[in-house]
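Dumped my_file-v3.cif below, it's mmCIF, C-alpha atoms:
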```
data_data
loop_
_atom_site.label_atom_id
_atom_site.label_comp_id
_atom_site.auth_asym_id
_atom_site.auth_seq_id
_atom_site.Cartn_x
_atom_site.Cartn_y
_atom_site.Cartn_z
CA MET A 5 -207.23 34.99 -21.40
CA LYS A 6 -203.47 34.34 -21.44
CA LYS A 7 -203.99 31.21 -23.55
CA LEU A 8 -206.07 33.15 -26.06
CA ILE A 9 -203.41 35.86 -26.43
CA LEU A 10 -200.67 33.23 -26.75
CA MET A 11 -202.66 31.35 -29.39
CA LEU A 12 -203.31 34.55 -31.41
CA ALA A 13 -199.65 35.53 -31.21
CA THR A 14 -198.60 32.06 -32.44
CA ILE A 15 -201.04 32.18 -35.36
CA GLY A 16 -199.84 35.69 -36.27
CA ALA A 17 -196.18 34.60 -36.20
CA LEU A 18 -196.92 31.57 -38.41
CA ASN A 19 -198.81 33.74 -40.91
CA PHE A 20 -195.96 36.23 -40.98
CA ALA A 21 -193.37 33.50 -41.55
CA ASN A 22 -195.49 31.87 -44.25
CA ALA A 23 -195.94 35.17 -46.06
CA GLN A 24 -192.16 35.45 -46.45
CA ALA A 25 -191.76 32.14 -48.30
CA PRO A 26 -192.50 32.00 -52.07
CA ALA A 27 -195.72 30.32 -53.09
CA ALA A 28 -195.50 26.65 -54.06
CA GLY A 29 -194.56 26.28 -57.72
CA ALA A 30 -193.62 29.96 -58.04
CA LYS A 31 -190.38 30.74 -59.80
CA PRO A 32 -187.87 32.69 -57.75
CA ALA A 33 -187.27 36.23 -58.90
CA ALA A 34 -184.32 36.58 -61.21
CA THR A 35 -181.43 38.22 -59.45
CA PRO A 36 -178.43 39.57 -61.24
CA PRO A 37 -175.24 37.61 -60.63
CA ALA A 38 -173.28 38.96 -57.72
CA THR A 39 -170.27 40.86 -58.86
CA GLN A 40 -167.64 40.80 -56.21
CA ALA A 41 -164.80 43.18 -56.74
CA THR A 42 -161.49 41.56 -56.11
CA PRO A 43 -159.20 43.96 -54.33
CA VAL A 44 -156.39 45.12 -56.54
CA ALA A 45 -153.05 45.44 -54.81
CA ASP A 46 -151.70 48.96 -54.98
CA PRO A 47 -148.32 48.70 -56.73
CA ASN A 48 -147.24 51.93 -55.03
CA ALA A 49 -148.19 50.84 -51.49
CA PRO A 50 -145.56 50.97 -48.78
CA ASP A 51 -143.87 47.68 -47.91
CA ILE A 52 -141.93 46.76 -44.77
CA LYS A 53 -138.71 44.76 -44.94
CA TRP A 54 -137.69 43.64 -41.43
CA GLU A 55 -134.08 42.89 -40.46
CA THR A 56 -135.65 40.18 -38.28
CA LYS A 57 -139.11 39.40 -36.91
CA ASN A 58 -137.72 37.40 -33.96
CA ILE A 59 -135.38 38.68 -31.26
CA ASP A 60 -133.88 36.39 -28.63
CA PHE A 61 -132.93 38.24 -25.45
CA GLY A 62 -130.90 35.20 -24.42
CA LYS A 63 -130.28 34.80 -20.69
CA VAL A 64 -130.72 38.00 -18.73
CA VAL A 65 -130.50 38.66 -15.00
CA LYS A 66 -133.66 39.63 -13.15
CA GLY A 67 -133.79 43.41 -12.62
CA ASP A 68 -130.99 44.23 -15.10
CA GLU A 69 -132.69 47.14 -16.86
CA THR A 70 -129.71 47.61 -19.19
CA ASN A 71 -130.80 44.35 -20.90
CA SER A 72 -134.56 44.94 -21.01
CA THR A 73 -134.92 46.75 -24.36
CA ARG A 74 -134.46 45.58 -27.94
CA TYR A 75 -135.13 47.17 -31.35
CA PHE A 76 -136.85 45.73 -34.42
CA LYS A 77 -135.31 47.54 -37.40
CA PHE A 78 -137.06 47.85 -40.76
CA THR A 79 -136.94 49.65 -44.09
CA ASN A 80 -139.81 50.96 -46.21
CA VAL A 81 -139.11 49.24 -49.55
CA GLY A 82 -142.40 50.44 -51.07
CA LYS A 83 -143.07 53.49 -53.23
CA SER A 84 -145.12 55.61 -50.82
CA PRO A 85 -144.79 56.75 -47.20
CA LEU A 86 -145.25 54.08 -44.52
CA ILE A 87 -147.52 54.99 -41.62
CA ILE A 88 -147.46 52.74 -38.55
CA SER A 89 -150.79 53.26 -36.84
CA SER A 90 -150.25 51.11 -33.74
CA CYS A 91 -148.00 48.66 -31.91
CA HIS A 92 -149.45 46.39 -29.22
CA GLY A 93 -147.68 43.96 -26.91
CA SER A 94 -149.27 40.61 -26.10
CA CYS A 95 -149.35 41.50 -22.39
CA GLY A 96 -148.58 44.35 -20.02
CA CYS A 97 -145.00 43.13 -19.52
CA THR A 98 -144.15 43.85 -23.18
CA VAL A 99 -144.28 47.55 -24.06
CA PRO A 100 -143.54 48.55 -27.68
CA SER A 101 -142.97 52.10 -28.96
CA CYS A 102 -143.51 52.70 -32.66
CA PRO A 103 -142.57 55.73 -34.77
CA THR A 104 -145.19 58.46 -34.93
CA GLU A 105 -143.93 60.07 -38.15
CA SER A 106 -144.27 58.50 -41.57
CA ILE A 107 -141.31 56.58 -42.98
CA LEU A 108 -140.50 57.71 -46.52
CA PRO A 109 -139.67 55.18 -49.27
CA GLY A 110 -136.14 53.83 -48.88
CA LYS A 111 -135.84 55.12 -45.30
CA ALA A 112 -135.39 53.00 -42.18
CA GLY A 113 -137.13 53.00 -38.83
CA GLU A 114 -137.31 50.95 -35.66
CA ILE A 115 -139.76 49.70 -33.08
CA LYS A 116 -138.49 49.77 -29.51
CA VAL A 117 -139.68 46.88 -27.30
CA HIS A 118 -139.21 46.93 -23.52
CA TYR A 119 -139.75 43.70 -21.57
CA ASP A 120 -140.32 43.63 -17.78
CA ILE A 121 -137.13 41.90 -16.72
CA ASN A 122 -138.41 41.38 -13.15
CA ARG A 123 -140.29 38.18 -14.01
CA PRO A 124 -138.00 35.13 -13.72
CA GLY A 125 -138.38 32.25 -16.17
CA ASN A 126 -138.72 31.64 -19.90
CA PHE A 127 -140.74 34.08 -21.95
CA THR A 128 -142.16 34.27 -25.45
CA LYS A 129 -144.13 37.43 -26.25
CA THR A 130 -145.47 39.04 -29.40
CA VAL A 131 -145.87 42.57 -30.70
CA THR A 132 -148.54 43.29 -33.32
CA VAL A 133 -147.74 46.16 -35.69
CA SER A 134 -150.55 47.75 -37.73
CA SER A 135 -149.70 49.91 -40.73
CA ASN A 136 -150.72 50.93 -44.23
CA ALA A 137 -148.18 48.49 -45.72
CA LYS A 138 -149.12 45.77 -48.19
CA ASN A 139 -149.21 43.17 -45.40
CA GLY A 140 -151.26 45.36 -43.01
CA ASN A 141 -150.67 43.64 -39.64
CA GLU A 142 -147.32 42.06 -38.82
CA THR A 143 -146.42 39.99 -35.75
CA LEU A 144 -143.00 40.27 -34.17
CA GLN A 145 -141.71 37.95 -31.43
CA ILE A 146 -139.34 38.24 -28.48
CA THR A 147 -138.04 35.30 -26.45
CA GLY A 148 -135.57 34.76 -23.65
CA VAL A 149 -134.91 33.58 -20.12
CA VAL A 150 -134.88 35.79 -17.02
CA GLU A 151 -132.66 34.28 -14.34
CA GLU A 152 -132.54 35.12 -10.63
CA LYS A 153 -129.64 37.28 -9.47
CA PRO A 154 -126.75 35.14 -8.31
CA ALA A 155 -126.21 35.17 -4.54
CA ALA A 156 -123.51 37.53 -3.32
CA PRO A 157 -120.24 35.78 -2.46
CA GLY A 158 -120.16 34.80 1.21
CA ALA A 159 -123.91 35.31 1.63
CA VAL A 160 -125.65 32.60 3.56
CA THR A 161 -128.91 31.43 2.08
CA PRO A 162 -131.26 30.03 4.75
CA ALA A 163 -132.75 26.62 4.14
CA PRO A 164 -136.35 26.81 2.87
CA ASP A 165 -137.74 25.19 6.02
CA ALA A 166 -135.50 27.05 8.49
CA PRO A 167 -137.42 28.97 11.18
CA LYS A 168 -137.46 32.74 10.74
CA LYS A 169 -136.19 34.91 13.58
#
```
Take the structure in the file and write it out as structure tokens.
Amino acid sequence: MKKLILMLATIGALNFANAQAPAAGAKPAATPPATQATPVADPNAPDIKWETKNIDFGKVVKGDETNSTRYFKFTNVGKSPLIISSCHGSCGCTVPSCPTESILPGKAGEIKVHYDINRPGNFTKTVTVSSNAKNGNETLQITGVVEEKPAAPGAVTPAPDAPKK
């Protein structure tokens, strides 16, 4: 019984597939040429001019919160208001804050980026900014080195294999 049902289902599927193909020797139906509209750039669209897209934190000391924030400054050089819809860091250690109000033509703004300075070592992180500007999404980058705090003068650092008391 199962074989019979399987055989009928296979024959039905083949008939269905065959019915979709044009008959041999038949001319394909004439289709109008596809007209694809090319997007026209809005000459009045907002446009972002960044002071810089890369900020180097340099060498910072682990835990020094006074050195954990930088600002990406920009100007709207377009002809209509700039609306930044979102700012996203590449990981949880990079937290950007973008303006919530629109930036009028000719006016400046900034994106605040806070990096978790409690992670020692080199870092390279990105911030993606989405807006209604001509370029749409922009990628900003921060780099730097977080160094351990220097030992206090006179402090004795135990050897790594010294027994703990």
Explicit residues for the PyMOL selection byres ((chain A and resi 153) around 10) (as a PyMOL selection string): chain A and resi 64-68+124+150-152+154-156
Picked residues, the PyMOL selection byres ((chain A and resi 99) around 9), expected as an MDAnalysis selection string: chainID A and resid 91:98 100:101 116:120 131
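For the atom pair formed by CA of Ala112 (chain A) and CA of Gly62 (chain A), the distance is 25.5 Å, given to one decimal.
The interatomic distance for the pair CA of Glu114 (chain A) and CA of Phe76 (chain A) works out to 5.4 Å.
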Given only C-alpha atoms as the counted atoms, nearest of A:Arg123, A:Lys63, A:Lys111, A:Lys57 to Asn80 (chain A):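 Of A:Arg123, A:Lys63, A:Lys111, A:Lys57, the one nearest Asn80 (chain A) is A:Lys111, counting only C-alpha atoms.
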